[in-house]
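> Can you keep this structure in mind? I'll have questions shortly.
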Amino acid sequence: MIKKEEVTELKKKIKGILEKESVVAEISDESTLLYDRSRFGEKVGEKYHYSLVEGLFLLDTKRMDIIDTKKKKIKFDDFLKKVRRLDKNFWVKYCVFKDLRSRGYIVKTALKFGAEFRVYNRGVKPGEDHAKWIVYPVHETNTTTWYEFAAKNRVAHSTKKKLLVGVVDDEAEVSYWEIMWIRP
C-alpha cells in the first residue's frame with residue numbers, strides 16, 4: 001500500500017497508454033518509485049506493463065493518466081466501459097483488487113495458477129516470498145458447482161496457497177471466505 005508520504009514523492013502522474021489487455025508506461029522516476037514501493041506493474045524491457053485492474057486503480061487514485069491509441073485522455077467511466085466489453089466480470093475483479101490494495105496487500109495476476117489474483121501478505125513483495133492466497137472474485141449472485149469449487153481448492157492446495165473467495169455485493173462491498181484443506 002502506498003503511504004501518504006510516498007504519494008507526495010510522486011512529482012507527477014505516470015503517463016499510461018491503454019493497449020488491448022494492459023496499460024503500458026515508459027520507465028520514469030514515478031513508475032520506478034511506484035514499482036519499488038508497492039510492486040505496481042511489471043518491468044518488460046524499457047517499459048512498465050500494468051494489468052487492467054492496476055491501470056484502473058492508478059487512474060482512480062490519481063497516480064496515472066491514461067490515454068488511448070489516438071492519444072485521447074481516458075476518464076474512469078470510459079476506461080471501465082471499454083474493459084467491460086472485453087470482460088463482463090471486470091467490475092467484480094476490480095472491487096476485490098481495490099479492496100485488497102486499500103488494505104495494504106500486494107495483488108498480482110495469477111493466471112498461471114488458474115485464478116484471478118495472487119495476494120502477498122502485508123509487507124511481503126513478490127520475489128521476496130511466495131503469495132499467501134490465490135483469489136477468485138465472484139458476485140454474490142453467482143453460483144458454482146461442487147466440482148468447480150473443488151477444482152479451485154485443489155489448485156490452491158497444490159500451489160501451497162490458501163484459497164480466498166472475494167464475494168462482491170450490489171453495493172461493491174467485499175466479503176472474504178478463506179477455504180483450506182483439513183484432514184479429519
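Each chain in the C-alpha cells gets a letter, A, B and so on, in the order shown; residues start at 1 in every chain, and ligands are counted from 1 in the order they appear.
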Excluding A:Tyr94 and its own-chain neighbours fewer than 6 positions away, which residues fall within 10 Å of it when counting only C-alpha atoms? Please give them as an NGL selection string.
:A and (52-54 or 56-57 or 80 or 100 or 137 or 168 or 172)
> Using only C-alpha atoms, which residues sit within 12 Å of A:Thr109 once same-chain residues fewer than 4 positions away are excluded, as a list in words?
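My reading of the contact set: Ser22, Arg39, Phe40, Gly41, Glu42, Tyr50, Ser51, Leu52, Val53, Glu54, Lys93, Tyr94, Phe97, Phe113, Gly114, Ala115, Glu116, Phe117, Arg118, Val119, Tyr120, Pro126, Ala131, Trp133, Ile134, Val135 and Tyr136 of chain A.
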> Go through A:Lys43, A:Lys62, A:His157, A:Lys152 and flag the residue nearest A:Lys13, using only C-alpha atoms for the distances.
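Checking each candidate against A:Lys13, we get A:Lys62 as the closest.
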> Restricting the calculation to only C-alpha atoms: of A:Gly123, A:Asn142, A:Lys72, A:Ala110, which residue gets closest to A:Val92?
A:Asn142
> Let's see if you can do this: from backbone DSSP, list all alpha helix (DSSP H) residues in chain A, as a PyMOL selection string.
chain A and resi 4-9+29-38+52-60+76-86+90-102+146-158
> With C-alpha atoms retained, write the just-selected residues as a PDB file, in the first residue's frame.

```pdb
ATOM      1  CA  LYS A   4       0.773   9.414   2.135  1.00  0.00           C
ATOM      2  CA  GLU A   5       4.440  10.378   2.301  1.00  0.00           C
ATOM      3  CA  GLU A   6       5.142   8.112  -0.692  1.00  0.00           C
ATOM      4  CA  VAL A   7       2.410   9.767  -2.758  1.00  0.00           C
ATOM      5  CA  THR A   8       3.991  13.160  -2.158  1.00  0.00           C
ATOM      6  CA  GLU A   9       7.244  11.768  -3.595  1.00  0.00           C
ATOM      7  CA  ASP A  29      11.130   8.174 -11.745  1.00  0.00           C
ATOM      8  CA  GLU A  30       7.446   7.904 -10.848  1.00  0.00           C
ATOM      9  CA  SER A  31       6.809   4.476 -12.362  1.00  0.00           C
ATOM     10  CA  THR A  32      10.019   3.094 -10.857  1.00  0.00           C
ATOM     11  CA  LEU A  33       9.203   4.517  -7.414  1.00  0.00           C
ATOM     12  CA  LEU A  34       5.706   3.031  -7.567  1.00  0.00           C
ATOM     13  CA  TYR A  35       7.118  -0.356  -8.542  1.00  0.00           C
ATOM     14  CA  ASP A  36       9.848  -0.298  -5.902  1.00  0.00           C
ATOM     15  CA  ARG A  37       7.498   0.715  -3.107  1.00  0.00           C
ATOM     16  CA  SER A  38       4.304  -1.138  -3.979  1.00  0.00           C
ATOM     17  CA  LEU A  52      -6.093  -3.559 -16.490  1.00  0.00           C
ATOM     18  CA  VAL A  53      -7.158  -3.598 -12.825  1.00  0.00           C
ATOM     19  CA  GLU A  54      -3.864  -1.951 -11.827  1.00  0.00           C
ATOM     20  CA  GLY A  55      -4.355   0.682 -14.519  1.00  0.00           C
ATOM     21  CA  LEU A  56      -7.901   1.470 -13.392  1.00  0.00           C
ATOM     22  CA  PHE A  57      -6.810   1.598  -9.744  1.00  0.00           C
ATOM     23  CA  LEU A  58      -3.961   4.001 -10.537  1.00  0.00           C
ATOM     24  CA  LEU A  59      -6.341   6.120 -12.628  1.00  0.00           C
ATOM     25  CA  ASP A  60      -8.919   6.050  -9.814  1.00  0.00           C
ATOM     26  CA  PHE A  76     -12.542   6.389 -15.254  1.00  0.00           C
ATOM     27  CA  ASP A  77     -16.015   5.587 -16.610  1.00  0.00           C
ATOM     28  CA  ASP A  78     -14.768   5.365 -20.207  1.00  0.00           C
ATOM     29  CA  PHE A  79     -11.908   3.050 -19.187  1.00  0.00           C
ATOM     30  CA  LEU A  80     -14.356   0.851 -17.301  1.00  0.00           C
ATOM     31  CA  LYS A  81     -16.769   0.756 -20.240  1.00  0.00           C
ATOM     32  CA  LYS A  82     -14.008  -0.268 -22.691  1.00  0.00           C
ATOM     33  CA  VAL A  83     -12.680  -3.010 -20.448  1.00  0.00           C
ATOM     34  CA  ARG A  84     -16.114  -4.390 -19.573  1.00  0.00           C
ATOM     35  CA  ARG A  85     -16.620  -5.093 -23.272  1.00  0.00           C
ATOM     36  CA  LEU A  86     -13.657  -7.472 -23.017  1.00  0.00           C
ATOM     37  CA  PHE A  90     -14.247  -6.870 -14.693  1.00  0.00           C
ATOM     38  CA  TRP A  91     -16.104  -4.699 -12.158  1.00  0.00           C
ATOM     39  CA  VAL A  92     -16.234  -7.578  -9.648  1.00  0.00           C
ATOM     40  CA  LYS A  93     -12.500  -8.208 -10.142  1.00  0.00           C
ATOM     41  CA  TYR A  94     -11.752  -4.512  -9.731  1.00  0.00           C
ATOM     42  CA  CYS A  95     -13.760  -4.270  -6.488  1.00  0.00           C
ATOM     43  CA  VAL A  96     -11.761  -7.122  -4.960  1.00  0.00           C
ATOM     44  CA  PHE A  97      -8.438  -5.733  -6.245  1.00  0.00           C
ATOM     45  CA  LYS A  98      -9.189  -2.239  -4.929  1.00  0.00           C
ATOM     46  CA  ASP A  99     -10.297  -3.563  -1.543  1.00  0.00           C
ATOM     47  CA  LEU A 100      -7.198  -5.727  -1.080  1.00  0.00           C
ATOM     48  CA  ARG A 101      -4.825  -2.962  -2.242  1.00  0.00           C
ATOM     49  CA  SER A 102      -6.536  -0.480   0.072  1.00  0.00           C
ATOM     50  CA  TRP A 146     -19.086 -28.542  -6.190  1.00  0.00           C
ATOM     51  CA  TYR A 147     -16.807 -29.753  -8.989  1.00  0.00           C
ATOM     52  CA  GLU A 148     -15.693 -26.178  -9.826  1.00  0.00           C
ATOM     53  CA  PHE A 149     -15.280 -25.381  -6.136  1.00  0.00           C
ATOM     54  CA  ALA A 150     -13.177 -28.495  -5.541  1.00  0.00           C
ATOM     55  CA  ALA A 151     -11.032 -27.690  -8.592  1.00  0.00           C
ATOM     56  CA  LYS A 152     -10.283 -24.199  -7.249  1.00  0.00           C
ATOM     57  CA  ASN A 153      -9.432 -25.611  -3.838  1.00  0.00           C
ATOM     58  CA  ARG A 154      -7.133 -28.252  -5.360  1.00  0.00           C
ATOM     59  CA  VAL A 155      -5.249 -25.581  -7.326  1.00  0.00           C
ATOM     60  CA  ALA A 156      -4.714 -23.567  -4.142  1.00  0.00           C
ATOM     61  CA  HIS A 157      -3.628 -26.631  -2.196  1.00  0.00           C
ATOM     62  CA  SER A 158      -1.262 -27.893  -4.903  1.00  0.00           C
TER      63      SER A 158
END
```
> When you look at A:Ile66 with a cut-off of 7 Å (counting only C-alpha atoms), what residues show up, excluding the ones that are within fewer than 2 positions of it in the same chain? I need them as a PyMOL selection string.
chain A and resi 15-18+64+68+73-74
> Compile the contact shell of A:His130 as a list in words: residues with an atom at most 9 Å away, counting only C-alpha atoms, same-chain residues fewer than 2 positions apart removed.
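Those residues are Val119, Tyr120, Asn121, Val124, Lys125, Pro126, Gly127, Glu128, Lys132 and Lys161 of chain A.
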> Which value, in Å to one decimal, gives the distance between atom CA of A:Thr159 and atom CA of A:Tyr48?
27.1 Å
> Mind giving me the straight-line distance from atom CA of A:Val107 to atom CA of A:Asn89 in Å, one decimal?
17.5 Å
> From a DSSP calculation on the backbone, collect every residue of chain A in strand (DSSP E) and output the set as an NGL selection string.
:A and (14-18 or 23-26 or 42-44 or 47-50 or 64-67 or 106-109 or 117-120 or 133-139 or 162-168 or 174-179)
> When distances are computed from only C-alpha atoms, which of A:Asp169, A:Asp129, A:Asp65, A:Glu178 shows the smallest separation from A:Ala25?
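With only C-alpha atoms as the atom set, the closest residue is A:Asp65.
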